[in-house]
Every structure is written in C-alpha cells, then in structure tokens.
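Everything below belongs to run.csv, which stores CSV, C-alpha atoms.
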```
chain,number,residue,atom,x,y,z
E,1,MET,CA,-5.9,128.1,181.1
E,2,THR,CA,-4.2,128.7,184.4
E,3,ALA,CA,-1.0,130.7,184.8
E,4,GLU,CA,0.8,127.5,185.8
E,5,SER,CA,-0.2,125.7,182.6
E,6,GLN,CA,0.8,128.7,180.6
E,7,VAL,CA,4.3,128.6,182.1
E,8,THR,CA,4.5,124.9,181.4
E,9,ASP,CA,3.4,125.4,177.8
E,10,LEU,CA,6.0,128.2,177.4
E,11,LEU,CA,8.8,126.0,178.9
E,12,LEU,CA,7.8,123.1,176.7
E,13,ALA,CA,7.8,125.3,173.6
E,14,ALA,CA,11.2,126.8,174.6
E,15,TYR,CA,12.6,123.3,175.1
E,16,ALA,CA,11.2,122.1,171.8
E,17,ALA,CA,12.7,125.2,170.0
E,18,LYS,CA,16.0,124.6,171.7
E,19,THR,CA,16.1,120.9,170.7
E,20,TYR,CA,15.1,121.7,167.1
E,21,HIS,CA,17.7,124.5,167.0
E,22,ALA,CA,20.4,122.1,168.3
E,23,HIS,CA,19.7,119.2,166.0
E,24,GLN,CA,18.4,121.0,162.8
E,25,ARG,CA,20.9,123.9,163.0
E,26,MET,CA,18.5,126.8,162.7
E,27,ALA,CA,19.3,130.5,163.2
E,28,TYR,CA,17.1,133.6,163.1
E,29,ALA,CA,17.1,137.3,162.8
E,30,ARG,CA,14.6,140.1,163.2
E,31,LEU,CA,14.4,142.7,160.4
E,32,ALA,CA,13.1,146.2,160.5
E,33,PRO,CA,10.7,147.3,157.8
E,34,ASP,CA,13.7,148.9,156.0
E,35,LEU,CA,15.3,145.5,155.9
E,36,THR,CA,18.1,146.2,158.4
E,37,LEU,CA,19.1,143.6,161.0
E,38,GLN,CA,17.7,144.5,164.4
E,39,GLN,CA,18.4,141.3,166.3
E,40,VAL,CA,20.1,138.0,165.6
E,41,SER,CA,20.4,134.6,167.3
E,42,ALA,CA,23.6,133.7,169.0
E,43,ASN,CA,24.6,131.3,166.3
E,44,PHE,CA,23.5,133.4,163.3
E,45,ALA,CA,26.9,134.8,162.3
E,46,HIS,CA,28.6,131.4,162.8
E,47,MET,CA,26.0,129.6,160.7
E,48,VAL,CA,25.5,131.9,157.8
E,49,LEU,CA,28.7,133.8,157.4
E,50,VAL,CA,31.9,132.3,155.9
E,51,ALA,CA,33.9,134.9,158.0
E,52,PRO,CA,31.7,135.3,161.1
E,53,GLN,CA,31.3,138.8,162.6
E,54,PRO,CA,30.4,139.9,166.2
E,55,GLU,CA,26.6,140.2,166.8
E,56,ALA,CA,27.0,143.9,167.5
E,57,ASP,CA,28.6,144.5,164.1
E,58,LEU,CA,25.6,142.9,162.3
E,59,ARG,CA,23.0,145.1,163.8
E,60,HIS,CA,21.5,147.9,161.7
E,61,GLN,CA,23.3,146.5,158.6
E,62,PRO,CA,21.1,146.2,155.5
E,63,LEU,CA,20.2,142.5,154.9
E,64,PRO,CA,21.7,142.4,151.3
E,65,ASP,CA,25.0,143.6,152.7
E,66,VAL,CA,25.2,140.7,155.1
E,67,LEU,CA,23.6,138.0,152.9
E,68,TRP,CA,24.3,138.6,149.2
E,69,GLU,CA,21.5,136.1,148.3
E,70,PHE,CA,19.0,138.9,149.1
E,71,VAL,CA,20.4,141.4,146.6
E,72,GLY,CA,17.5,142.4,144.4
E,73,ALA,CA,14.8,140.8,146.7
E,74,ASP,CA,13.6,144.1,148.1
E,75,THR,CA,10.3,144.1,146.3
E,76,SER,CA,9.5,140.5,147.3
E,77,LEU,CA,10.3,141.3,151.0
E,78,HIS,CA,8.2,144.4,150.9
E,79,GLU,CA,5.3,142.3,149.7
E,80,VAL,CA,5.7,140.1,152.8
E,81,TRP,CA,5.8,143.2,155.0
E,82,THR,CA,2.6,144.6,153.5
E,83,GLY,CA,0.8,141.2,153.7
E,84,GLN,CA,0.7,140.7,149.9
E,85,SER,CA,2.7,137.5,150.3
E,86,PRO,CA,2.7,135.1,153.2
E,87,PHE,CA,6.4,134.5,153.1
E,88,PHE,CA,9.5,134.7,150.9
E,89,ARG,CA,11.9,131.7,150.6
E,90,LEU,CA,15.2,130.9,149.1
E,91,ALA,CA,15.5,127.2,149.2
E,92,HIS,CA,18.7,125.1,149.2
E,93,VAL,CA,21.2,127.9,148.6
E,94,ASN,CA,24.6,126.3,148.2
E,95,ARG,CA,27.8,127.8,149.5
E,96,GLU,CA,31.3,126.5,149.1
E,97,GLN,CA,33.2,126.5,152.4
E,98,PRO,CA,36.9,127.3,152.9
E,99,ASP,CA,37.6,123.5,153.3
E,100,GLY,CA,36.0,122.8,149.9
E,101,THR,CA,32.8,121.3,151.3
E,102,VAL,CA,29.4,122.6,150.2
E,103,GLN,CA,26.8,124.0,152.7
E,104,TYR,CA,23.1,124.2,151.8
E,105,LEU,CA,20.9,126.8,153.5
E,106,THR,CA,17.2,127.7,153.2
E,107,PHE,CA,16.2,131.3,154.0
E,108,THR,CA,12.5,132.0,154.8
E,109,VAL,CA,11.2,135.5,155.7
E,110,TYR,CA,7.8,135.9,157.5
E,111,ARG,CA,6.0,138.9,158.8
E,112,LEU,CA,5.8,139.1,162.6
E,113,GLU,CA,2.2,138.7,163.7
E,114,GLU,CA,0.4,141.8,164.8
E,115,GLU,CA,-0.1,140.5,168.4
E,116,ALA,CA,3.7,140.1,168.8
E,117,THR,CA,5.4,142.8,170.8
E,118,LEU,CA,8.0,143.3,168.1
E,119,ASP,CA,7.2,144.5,164.5
E,120,GLY,CA,9.1,143.8,161.3
E,121,LEU,CA,10.1,140.6,159.6
E,122,LEU,CA,11.4,137.3,160.9
E,123,LEU,CA,14.3,135.7,159.0
E,124,LEU,CA,14.6,131.9,159.6
E,125,VAL,CA,17.8,130.2,158.4
E,126,GLU,CA,17.8,126.4,158.2
E,127,ASP,CA,20.9,124.4,157.5
E,128,ASP,CA,19.7,121.6,155.2
E,129,THR,CA,23.1,120.5,154.0
E,130,GLU,CA,22.3,116.8,154.3
E,131,TYR,CA,19.2,117.2,152.3
E,132,GLY,CA,21.0,119.4,149.8
E,133,ARG,CA,23.8,116.9,149.3
E,134,LEU,CA,21.3,114.0,148.9
E,135,HIS,CA,19.3,116.1,146.5
E,136,HIS,CA,22.4,117.1,144.5
E,137,GLN,CA,23.5,113.5,144.4
E,138,LEU,CA,20.0,112.4,143.3
E,139,VAL,CA,20.1,115.0,140.5
E,140,GLN,CA,23.6,113.9,139.6
E,141,ASP,CA,22.5,110.2,139.6
E,142,ARG,CA,19.5,111.1,137.4
E,143,ASN,CA,21.8,113.0,135.0
E,144,ASP,CA,24.2,110.1,134.9
E,145,LEU,CA,21.3,107.8,134.3
E,146,ARG,CA,20.0,110.0,131.4
E,147,LEU,CA,23.5,110.0,130.0
E,148,VAL,CA,23.8,106.2,130.2
E,149,GLN,CA,20.3,105.9,128.7
E,150,SER,CA,21.3,108.3,125.9
E,151,LYS,CA,24.5,106.3,125.3
E,152,LEU,CA,22.5,103.0,125.4
E,153,ALA,CA,20.0,104.4,122.9
E,154,ALA,CA,22.9,105.5,120.6
E,155,ALA,CA,24.6,102.1,121.0
E,156,ASN,CA,21.3,100.3,120.3
E,157,LYS,CA,20.8,102.5,117.2
E,158,GLU,CA,24.3,101.8,116.0
E,159,LEU,CA,23.8,98.1,116.7
E,160,SER,CA,20.6,98.1,114.7
E,161,ARG,CA,22.3,99.9,111.9
E,162,ILE,CA,25.2,97.4,111.9
E,163,ASP,CA,22.7,94.5,112.1
E,164,ARG,CA,20.9,95.8,109.1
E,165,MET,CA,24.1,96.4,107.2
E,166,LYS,CA,25.4,92.9,108.0
E,167,SER,CA,22.0,91.4,106.9
E,168,LEU,CA,22.4,93.4,103.7
E,169,PHE,CA,26.0,92.2,103.4
E,170,LEU,CA,25.1,88.6,103.9
E,171,SER,CA,22.4,88.9,101.2
E,172,MET,CA,24.8,90.5,98.8
E,173,ALA,CA,27.7,88.2,99.7
E,174,ALA,CA,25.4,85.2,99.0
E,175,HIS,CA,24.8,86.6,95.6
E,176,ASP,CA,28.6,87.1,95.0
E,177,LEU,CA,29.1,83.4,96.1
E,178,ARG,CA,26.3,82.1,94.0
E,179,THR,CA,27.7,83.5,90.8
E,180,PRO,CA,30.8,81.4,90.6
E,181,LEU,CA,29.0,78.5,92.2
E,182,SER,CA,26.4,78.6,89.3
E,183,ALA,CA,29.2,78.6,86.7
E,184,ILE,CA,30.9,75.7,88.4
E,185,GLN,CA,27.7,73.7,88.7
E,186,GLY,CA,26.7,74.5,85.1
E,187,TYR,CA,29.9,73.5,83.4
E,188,ALA,CA,30.3,70.5,85.7
E,189,GLU,CA,26.9,69.3,84.6
E,190,MET,CA,27.7,69.7,80.9
E,191,LEU,CA,30.8,67.6,81.4
E,192,LEU,CA,28.8,64.9,83.2
E,193,LEU,CA,26.2,64.9,80.5
E,194,GLY,CA,28.9,64.3,77.9
E,195,ILE,CA,28.3,67.5,76.0
E,196,ALA,CA,32.0,67.8,75.6
E,197,GLU,CA,34.1,64.6,74.9
E,198,PRO,CA,36.6,63.8,77.6
E,199,GLY,CA,40.0,65.1,76.6
E,200,SER,CA,38.6,67.3,73.9
E,201,PRO,CA,39.5,71.1,73.7
E,202,LYS,CA,35.9,72.0,74.8
E,203,SER,CA,36.2,69.8,77.9
E,204,PHE,CA,39.4,71.4,78.8
E,205,GLN,CA,37.8,74.8,78.3
E,206,TYR,CA,35.0,73.8,80.7
E,207,LEU,CA,37.5,72.6,83.2
E,208,ASP,CA,39.5,75.8,82.9
E,209,ILE,CA,36.3,77.8,83.6
E,210,ILE,CA,35.5,75.6,86.6
E,211,GLN,CA,39.0,76.2,87.9
E,212,GLN,CA,38.8,80.0,87.4
E,213,GLN,CA,35.4,80.2,89.2
E,214,SER,CA,36.7,78.0,92.0
E,215,ALA,CA,39.6,80.4,92.5
E,216,ARG,CA,37.1,83.3,92.5
E,217,LEU,CA,34.9,81.6,95.0
E,218,ASN,CA,37.9,80.9,97.2
E,219,GLN,CA,38.9,84.6,97.1
E,220,LEU,CA,35.4,85.7,98.1
E,221,ILE,CA,35.5,83.3,101.1
E,222,ASP,CA,38.9,84.5,102.1
E,223,ASP,CA,37.6,88.1,102.1
E,224,ILE,CA,34.8,87.2,104.5
E,225,VAL,CA,37.2,85.3,106.8
E,226,ASP,CA,39.6,88.3,106.8
E,227,LEU,CA,36.8,90.7,107.5
E,228,ASP,CA,36.0,88.7,110.7
E,229,LEU,CA,39.7,88.8,111.7
E,230,ILE,CA,39.9,92.5,111.0
E,231,GLU,CA,36.9,93.3,113.2
E,232,GLN,CA,38.4,91.2,116.0
E,233,GLY,CA,41.8,92.9,115.5
E,234,LYS,CA,43.4,89.5,114.8
E,235,LEU,CA,44.6,90.0,111.2
E,236,THR,CA,48.1,88.5,110.8
E,237,LEU,CA,50.5,88.8,107.9
E,238,ASN,CA,53.0,86.2,106.7
E,239,LEU,CA,55.6,88.5,105.3
E,240,ALA,CA,58.3,87.5,102.8
E,241,PRO,CA,59.9,89.0,99.7
E,242,CYS,CA,57.1,89.2,97.1
E,243,ASP,CA,57.2,90.1,93.4
E,244,ILE,CA,54.2,92.2,92.4
E,245,ASN,CA,54.2,91.4,88.6
E,246,PRO,CA,53.1,87.7,88.7
E,247,LEU,CA,50.4,88.6,91.3
E,248,LEU,CA,48.8,91.1,88.9
E,249,GLN,CA,48.8,88.4,86.2
E,250,GLU,CA,47.4,85.8,88.5
E,251,ALA,CA,44.6,88.2,89.8
E,252,THR,CA,43.3,88.7,86.2
E,253,GLY,CA,43.4,85.0,85.5
E,254,ALA,CA,40.5,84.4,87.9
E,255,PHE,CA,38.3,86.6,85.6
E,256,LYS,CA,39.3,85.0,82.3
E,257,PHE,CA,35.9,83.7,81.7
E,258,GLN,CA,34.1,87.0,82.3
E,259,LEU,CA,36.7,89.0,80.4
E,260,GLU,CA,36.4,86.8,77.3
E,261,ARG,CA,32.6,86.6,77.4
E,262,ARG,CA,32.3,90.4,77.6
E,263,SER,CA,35.2,91.1,75.3
E,264,ILE,CA,37.1,93.1,77.9
E,265,ALA,CA,40.8,93.6,77.0
E,266,VAL,CA,43.6,93.5,79.5
E,267,HIS,CA,46.8,95.3,78.9
E,268,TYR,CA,49.9,94.9,81.0
E,269,GLU,CA,52.5,97.6,81.4
E,270,LEU,CA,54.7,95.9,83.9
E,271,ALA,CA,58.3,96.7,85.0
E,272,ALA,CA,60.9,94.6,83.1
E,273,GLU,CA,62.5,93.6,86.4
E,274,PRO,CA,60.9,92.1,89.5
E,275,VAL,CA,59.1,94.6,91.7
E,276,LEU,CA,59.8,93.2,95.2
E,277,VAL,CA,57.9,94.2,98.3
E,278,TRP,CA,58.0,92.8,101.9
E,279,ALA,CA,54.4,91.4,101.9
E,280,ASP,CA,52.0,88.6,102.5
E,281,ALA,CA,51.6,87.2,98.9
E,282,GLU,CA,48.1,85.8,99.5
E,283,LYS,CA,46.9,89.1,101.0
E,284,MET,CA,48.4,91.2,98.2
E,285,LEU,CA,46.9,88.8,95.6
E,286,ARG,CA,43.5,89.5,97.2
E,287,VAL,CA,44.1,93.2,96.9
E,288,PHE,CA,44.7,93.0,93.2
E,289,TYR,CA,41.9,90.4,92.8
E,290,ASN,CA,39.4,92.9,94.3
E,291,LEU,CA,40.7,95.8,92.3
E,292,VAL,CA,40.5,93.9,89.0
E,293,GLY,CA,37.1,92.4,90.0
E,294,ASN,CA,35.7,95.9,90.8
E,295,SER,CA,36.7,97.0,87.3
E,296,VAL,CA,35.2,93.9,85.6
E,297,LYS,CA,32.0,94.1,87.6
E,298,TYR,CA,31.0,97.6,86.5
E,299,MET,CA,32.5,97.8,83.1
E,300,ALA,CA,30.4,97.5,79.9
E,301,SER,CA,31.4,95.0,77.2
E,302,GLN,CA,34.4,95.8,75.0
E,303,GLY,CA,36.1,97.8,77.7
E,304,GLN,CA,39.7,97.8,78.7
E,305,ILE,CA,41.7,97.3,81.9
E,306,THR,CA,45.3,98.3,82.2
E,307,LEU,CA,47.7,97.1,84.9
E,308,ARG,CA,51.0,98.9,85.5
E,309,SER,CA,53.9,98.4,87.9
E,310,GLN,CA,57.0,100.5,88.4
E,311,MET,CA,59.4,101.5,91.1
E,312,GLN,CA,59.6,105.2,92.2
E,313,ALA,CA,61.6,106.7,95.1
E,314,GLY,CA,61.8,103.5,97.2
E,315,GLN,CA,58.2,102.5,96.5
E,316,ALA,CA,56.4,100.0,94.3
E,317,VAL,CA,53.7,101.8,92.4
E,318,ILE,CA,50.8,99.7,91.0
E,319,GLU,CA,48.0,101.0,88.9
E,320,VAL,CA,44.7,99.4,87.9
E,321,GLU,CA,43.0,101.6,85.4
E,322,ASP,CA,39.7,100.9,83.6
E,323,THR,CA,37.4,102.5,81.0
E,324,GLY,CA,34.3,101.9,83.1
E,325,PRO,CA,31.6,104.4,84.1
E,326,GLY,CA,33.7,106.3,86.6
E,327,MET,CA,32.5,107.7,89.9
E,328,THR,CA,31.1,110.9,91.4
E,329,ALA,CA,32.8,112.9,94.2
E,330,GLU,CA,30.3,111.5,96.7
E,331,GLN,CA,31.1,108.0,95.6
E,332,LEU,CA,34.8,108.6,95.9
E,333,ASP,CA,34.4,109.9,99.5
E,334,ASN,CA,32.7,106.7,100.6
E,335,LEU,CA,34.4,104.3,98.3
E,336,PHE,CA,36.4,102.5,101.0
E,337,VAL,CA,33.7,102.5,103.7
E,338,LEU,CA,32.7,99.0,104.8
E,339,TYR,CA,29.4,97.8,103.1
E,340,TYR,CA,29.1,101.0,101.1
E,341,ARG,CA,27.5,100.9,97.8
E,342,SER,CA,26.5,104.1,96.0
E,343,GLU,CA,22.8,104.8,95.3
E,344,ASP,CA,23.4,104.2,91.5
E,345,ALA,CA,25.2,101.0,92.2
E,346,ALA,CA,22.5,99.8,94.6
E,347,LYS,CA,19.9,100.4,91.9
E,348,SER,CA,21.9,98.7,89.1
E,349,PRO,CA,21.5,95.0,88.2
E,350,VAL,CA,25.2,94.6,89.3
E,351,LYS,CA,25.3,93.2,92.8
E,352,GLY,CA,28.1,93.4,95.3
E,353,SER,CA,28.8,93.2,99.0
E,354,GLY,CA,30.6,96.5,99.4
E,355,LEU,CA,33.4,94.5,101.0
E,356,GLY,CA,36.1,94.3,98.4
E,357,LEU,CA,37.5,97.8,98.4
E,358,PHE,CA,37.4,97.9,102.3
E,359,ILE,CA,39.5,94.8,102.2
E,360,VAL,CA,41.9,96.5,99.7
E,361,LYS,CA,42.4,99.6,101.9
E,362,THR,CA,42.8,97.6,105.1
E,363,MET,CA,45.3,95.2,103.5
E,364,VAL,CA,47.4,97.9,101.8
E,365,GLU,CA,47.6,99.9,105.0
E,366,ALA,CA,48.5,96.8,107.0
E,367,HIS,CA,51.6,96.6,104.7
E,368,GLN,CA,52.5,100.2,105.4
E,369,GLY,CA,51.2,101.3,102.0
E,370,GLN,CA,48.6,103.7,100.6
E,371,VAL,CA,45.8,103.3,98.1
E,372,GLN,CA,44.4,106.2,96.1
E,373,VAL,CA,41.8,106.5,93.4
E,374,ALA,CA,41.1,109.1,90.6
E,375,SER,CA,37.9,109.0,88.7
E,376,GLN,CA,35.3,111.1,87.0
E,377,PRO,CA,31.8,110.1,85.7
E,378,GLY,CA,32.1,108.7,82.2
E,379,ASN,CA,35.9,108.7,82.2
E,380,GLY,CA,36.8,105.5,84.0
E,381,SER,CA,38.7,105.0,87.2
E,382,LYS,CA,42.4,104.5,88.2
E,383,PHE,CA,43.4,102.9,91.5
E,384,THR,CA,47.0,103.5,92.6
E,385,VAL,CA,48.6,101.3,95.3
E,386,ARG,CA,52.0,102.4,96.8
E,387,LEU,CA,54.0,99.9,98.8
E,388,PRO,CA,57.5,100.2,100.3
E,389,LEU,CA,60.1,98.3,98.2
E,390,TYR,CA,61.9,95.3,99.7
E,391,SER,CA,65.6,95.9,100.2
E,392,ALA,CA,67.7,92.7,99.9
E,393,GLU,CA,70.6,94.3,101.7
E,394,SER,CA,68.6,95.2,104.8
E,395,GLY,CA,66.3,92.2,104.6
E,396,SER,CA,63.3,94.5,105.1
E,397,GLN,CA,61.6,97.4,103.6
E,398,ALA,CA,63.7,100.0,101.8
E,399,VAL,CA,64.1,103.2,103.7
```

Could the structure of this file be written out as structure tokens, please?
Amino acid sequence: MTAESQVTDLLLAAYAAKTYHAHQRMAYARLAPDLTLQQVSANFAHMVLVAPQPEADLRHQPLPDVLWEFVGADTSLHEVWTGQSPFFRLAHVNREQPDGTVQYLTFTVYRLEEEATLDGLLLLVEDDTEYGRLHHQLVQDRNDLRLVQSKLAAANKELSRIDRMKSLFLSMAAHDLRTPLSAIQGYAEMLLLGIAEPGSPKSFQYLDIIQQQSARLNQLIDDIVDLDLIEQGKLTLNLAPCDINPLLQEATGAFKFQLERRSIAVHYELAAEPVLVWADAEKMLRVFYNLVGNSVKYMASQGQITLRSQMQAGQAVIEVEDTGPGMTAEQLDNLFVLYYRSEDAAKSPVKGSGLGLFIVKTMVEAHQGQVQVASQPGNGSKFTVRLPLYSAESGSQAV
C-alpha cells in the first residue's frame, strides 16, 4: 500500500467517523488503567452530563465520579483492562432531562489495542434515544396488550360464568313454570272429562285451584320480566298510596292449594288500621309473594307461616316468619345473590331459580326500604321488610 493510499484511507476513515459522530451522536473518552479520565471528545460533556463541565475539569477525575452509572463497575472494567472480557457495556441507560424528556445512552468500554500509541481503555458513548423511546413504547404497548388480554380473559371467564348461571336459571325457571302449568292442565282436564259436575262444589274447587296456579304462574313470569328490566337499568315504579295488609293476604292466596295439601297453617298478626306506604302495589305484591313462596317451598308438612304488620317510628314493619328448616351463616351471607342456591338446597328435591329473593331485595331497596333475615338451622326463618310510611299531609313518604 502506497503512502498516498494510506492517507486516502485515513481521510476516508476520518470522514466516516465524523459523519457517524454527527448523525448518531457519539462521544468518546480515554481512561487510564486506574479509571480516571485522560482525554475526552469535544462533545463529551455536553452529551453525557446534565450540567456540562469544561473539558479541563473532567481530566483526571475518576470515571464513577463523572458518570454515576459506573459506580460499582470497577471489577468488570478491570477484567476488560486485563483482557478477561472483550468489552463492558451498559445499554440503553435512561436519564431524565431538565425539560422532562428522557435521554437514552449506551456506554461501551474497550481495551485500546496494543499497537495503539495510547494505552488504557476507550469509552464510547452512543446516544440511542430514538431507539430507547421506541423500545420503551414497545414494552409499554406489550404491557398494555397483556393487560387488555388479561382483562379480556377475565371478562370471558365472567361471561362464561354468567352464561352457565343463566343456563342453570333457565332450567330451574322452566321447572318453576312447569309446576303451576301442570296443576292448571291437570284440573282443567278433570273438568273437561266431567269428573266434577258443572256447578258442583268440586268443580268450583278445581276452578279455584286453576285460578291460584294461574296467579302463581303470572307472578313467576313477572319476576323474569323484571329481572331483565333490572339488568338493563330500566325498572320503573308506579307509585301510589298502598295498604300493606291486603297485599299480604293476597300473596298467601296464590298458595292456597299447596298450603291446604301440606297442612301448612297461616297466621295473620296485622295492624288494625291500614299500613300505608308510597309504593308500586304490583311490585310489593311480588315481594310478599316471593317471601311466602320461599317459606312454602322449603317447609315440611304441618308447618306454620306467620305474617305481621305494624308501624314503628315512621316505618312500616312487615315480618314473614316460618317454622321451616332455617339457614346456616353461609346461606344467609349469599341469600340475596342472584341465582344463588345453597349446596343443601341444590341437592334437595325442591327446585328453584334462585331469583325470588334477589327480586325481593331489589324491589324493597327501589322503594327506599330494607330487608333483613334472621335464621338458624332447625329454628325457621324470619324476614323483616321495612318501608317508609306514607304521609297523607305531605303526599309522600313520612320523614
């Protein structure tokens, strides 16, 4: 190689280095074996220091004092100096700038080759802020994607659970609907077959049963319709002054057939005067229907249901108490949860949709009231509903 070509190669290498330095923002420094700065590029301080210092002030300073990132890296740098490691690198170190932006730098330390006229270590500093920001954004996007995937998985799991519960509900609701339908069909067929003479007491008894079971069927259908409205947030109340006492009596009338067949006694301990609340009469009837129906459903033959009404401190207090099997603490905790049925209830021959008591709580609270239950295994259950009394003077609820 001629001297002229050597000069050309040197100039080309210098031009390439200058161009790379200008576009890639690279700085360098030479380190002595004791890791003090011996020489730095003109842009070193401006590029790597938040508060740049004159080049002269950087010379002979220990590297960790100038760049805190190298604190504790003495052993690794010594291994580069002794040839045990080819280089030492700190990649994509991020630094927050005074203006709030983030700068990313990569530090690489090499040993100067033996044929070089200078000994020590070469520190190259590359500004890869653009890469760092893209990498950070990619990591953030991946984290966001994982979060979305996690939320989707949880949502899918919840949807699957709801789908299973609704399938179970439809199955149990179908059973609830089939019971009064079977009674209606059976007694209607007996009338058609002439088993009871038209106009006879027995025919009127059959018609009464058909009427009761039709009312029961209508209440079940209304519960399902109201559930859909509740889930859509579209439940509406037609409020008017409403006497609780006749509603309690009407609610038990729908179960007359079951009560008589199983010898379940009903006792009324109702207030002597009207117990008026500002309510939707149809919705409150469904509340009491579901409470009485719950007692009838799980009670053994020859049990007793007691219905009470009274007025206390501006409230109507309604109690539905039974001598049924009672409930455990776990059952009480989940009693008003939609579709909930206890393990014992699920295993029992008594079927139900787990909807009725959810409707009770929702309807009572929609009327600004409360529902409570007290029960122990083997000692029956008592449901207490509290509603604000209607005030005729104010034309609204009593304060």

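Distance check against Arg261 (chain E) using only C-alpha atoms: of E:Val292, E:Leu335, E:Ala300, E:Ile230, the minimum falls on E:Ala300.
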
Open item on the list: One decimal, in Å: what's the spacing between CA of Gly120 (chain E) and CA of Phe107 (chain E)?
Closed with: 16.1 Å

- [ ] Would you mind reading off the distance between CA of Val93 (chain E) and CA of Arg146 (chain E), one decimal, in Å?
- [x] 24.9 Å

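Using only C-alpha atoms, the residues found no farther than 6 Å from region 364-373 of chain E, other than those of its own chain fewer than 2 positions away, are Lys361, Thr362, Lys382, Phe383, Thr384, Val385, Arg386 and Leu387 of chain E.
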
I need the residues from that last selection saved to file as a short mmCIF file (atom, residue, chain, number, x, y, z; two decimals), keeping the file's coordinate frame (with C-alpha atoms), if you can.
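So the final result, stored in selection_29.cif, reads:
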```cif
data_model
loop_
_atom_site.label_atom_id
_atom_site.label_comp_id
_atom_site.auth_asym_id
_atom_site.auth_seq_id
_atom_site.Cartn_x
_atom_site.Cartn_y
_atom_site.Cartn_z
CA LYS E 361 42.40 99.60 101.90
CA THR E 362 42.80 97.60 105.10
CA LYS E 382 42.40 104.50 88.20
CA PHE E 383 43.40 102.90 91.50
CA THR E 384 47.00 103.50 92.60
CA VAL E 385 48.60 101.30 95.30
CA ARG E 386 52.00 102.40 96.80
CA LEU E 387 54.00 99.90 98.80
#
```

Would you pick out the contacts of Ser41 (chain E) at 12 Å or less, using all atoms listed in the file, so that residues sharing its chain but fewer than 4 positions from it are not included, and give the list as a PDB file with C-alpha atoms, keeping the file's coordinate frame?
```pdb
ATOM      1  CA  LYS E  18      16.000 124.600 171.700  1.00  0.00           C
ATOM      2  CA  HIS E  21      17.700 124.500 167.000  1.00  0.00           C
ATOM      3  CA  ARG E  25      20.900 123.900 163.000  1.00  0.00           C
ATOM      4  CA  MET E  26      18.500 126.800 162.700  1.00  0.00           C
ATOM      5  CA  ALA E  27      19.300 130.500 163.200  1.00  0.00           C
ATOM      6  CA  TYR E  28      17.100 133.600 163.100  1.00  0.00           C
ATOM      7  CA  ALA E  29      17.100 137.300 162.800  1.00  0.00           C
ATOM      8  CA  ARG E  30      14.600 140.100 163.200  1.00  0.00           C
ATOM      9  CA  LEU E  37      19.100 143.600 161.000  1.00  0.00           C
ATOM     10  CA  ALA E  45      26.900 134.800 162.300  1.00  0.00           C
ATOM     11  CA  HIS E  46      28.600 131.400 162.800  1.00  0.00           C
ATOM     12  CA  MET E  47      26.000 129.600 160.700  1.00  0.00           C
ATOM     13  CA  VAL E  48      25.500 131.900 157.800  1.00  0.00           C
ATOM     14  CA  PRO E  54      30.400 139.900 166.200  1.00  0.00           C
ATOM     15  CA  GLU E  55      26.600 140.200 166.800  1.00  0.00           C
ATOM     16  CA  ALA E  56      27.000 143.900 167.500  1.00  0.00           C
ATOM     17  CA  LEU E  58      25.600 142.900 162.300  1.00  0.00           C
ATOM     18  CA  ARG E  59      23.000 145.100 163.800  1.00  0.00           C
ATOM     19  CA  LEU E 122      11.400 137.300 160.900  1.00  0.00           C
ATOM     20  CA  LEU E 123      14.300 135.700 159.000  1.00  0.00           C
ATOM     21  CA  LEU E 124      14.600 131.900 159.600  1.00  0.00           C
ATOM     22  CA  VAL E 125      17.800 130.200 158.400  1.00  0.00           C
TER      23      VAL E 125
END
```

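In this structure, CA of Arg308 (chain E) sits 6.8 Å away from CA of Val320 (chain E).
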
- [ ] Determine, counting all atoms listed in the file, every residue of protein, DNA or RNA that lies within 9 Å of (39.8, 92.3, 79.6) in the file coordinates, then give the result as a list in words.
- [x] Thr252, Phe255, Lys256, Gln258, Leu259, Glu260, Arg262, Ser263, Ile264, Ala265, Val266, His267, Val296, Gln302, Gly303, Gln304, Ile305 and Thr306 of chain E

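With distances restricted to only C-alpha atoms, E:Gln315 is the closest residue to Ile244 (chain E) from E:Gln331, E:Gln315, E:Asn156, E:Gln53.
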
Task: Residue nearest Leu217 (chain E) among E:Ser295, E:Thr236, E:Gln249, E:Ser182 (counting all atoms listed in the file) - done: E:Ser182

Write a file for region 348-382 of chain E of the given structure; include C-alpha atoms and format it as an mmCIF file, in the first residue's frame.
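Result saved to decode.cif:
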```
data_model
loop_
_atom_site.group_PDB
_atom_site.id
_atom_site.type_symbol
_atom_site.label_atom_id
_atom_site.label_comp_id
_atom_site.auth_asym_id
_atom_site.auth_seq_id
_atom_site.Cartn_x
_atom_site.Cartn_y
_atom_site.Cartn_z
ATOM 1 C CA SER E 348 -82.695 -31.311 47.681
ATOM 2 C CA PRO E 349 -85.701 -32.376 45.575
ATOM 3 C CA VAL E 350 -87.055 -28.823 45.960
ATOM 4 C CA LYS E 351 -86.221 -26.877 42.808
ATOM 5 C CA GLY E 352 -85.942 -23.120 42.396
ATOM 6 C CA SER E 353 -84.369 -20.475 40.203
ATOM 7 C CA GLY E 354 -82.562 -18.547 42.937
ATOM 8 C CA LEU E 355 -84.337 -15.470 41.584
ATOM 9 C CA GLY E 356 -87.110 -14.747 44.067
ATOM 10 C CA LEU E 357 -85.100 -13.328 46.971
ATOM 11 C CA PHE E 358 -82.934 -11.246 44.614
ATOM 12 C CA ILE E 359 -86.177 -9.714 43.320
ATOM 13 C CA VAL E 360 -87.286 -9.111 46.930
ATOM 14 C CA LYS E 361 -84.137 -7.189 47.862
ATOM 15 C CA THR E 362 -84.071 -5.203 44.620
ATOM 16 C CA MET E 363 -87.741 -4.199 44.873
ATOM 17 C CA VAL E 364 -87.563 -3.247 48.545
ATOM 18 C CA GLU E 365 -84.459 -1.118 48.044
ATOM 19 C CA ALA E 366 -86.065 0.529 44.999
ATOM 20 C CA HIS E 367 -88.786 1.678 47.448
ATOM 21 C CA GLN E 368 -86.124 3.143 49.782
ATOM 22 C CA GLY E 369 -86.611 0.237 52.177
ATOM 23 C CA GLN E 370 -84.574 -2.543 53.758
ATOM 24 C CA VAL E 371 -84.949 -6.297 54.061
ATOM 25 C CA GLN E 372 -83.323 -8.378 56.785
ATOM 26 C CA VAL E 373 -83.416 -12.032 57.722
ATOM 27 C CA ALA E 374 -82.793 -13.895 60.963
ATOM 28 C CA SER E 375 -82.419 -17.658 60.899
ATOM 29 C CA GLN E 376 -80.684 -20.627 62.453
ATOM 30 C CA PRO E 377 -80.588 -24.240 61.288
ATOM 31 C CA GLY E 378 -83.620 -26.080 62.633
ATOM 32 C CA ASN E 379 -85.285 -22.932 64.025
ATOM 33 C CA GLY E 380 -87.030 -21.476 60.990
ATOM 34 C CA SER E 381 -86.522 -18.078 59.364
ATOM 35 C CA LYS E 382 -87.910 -14.584 59.802
#
```
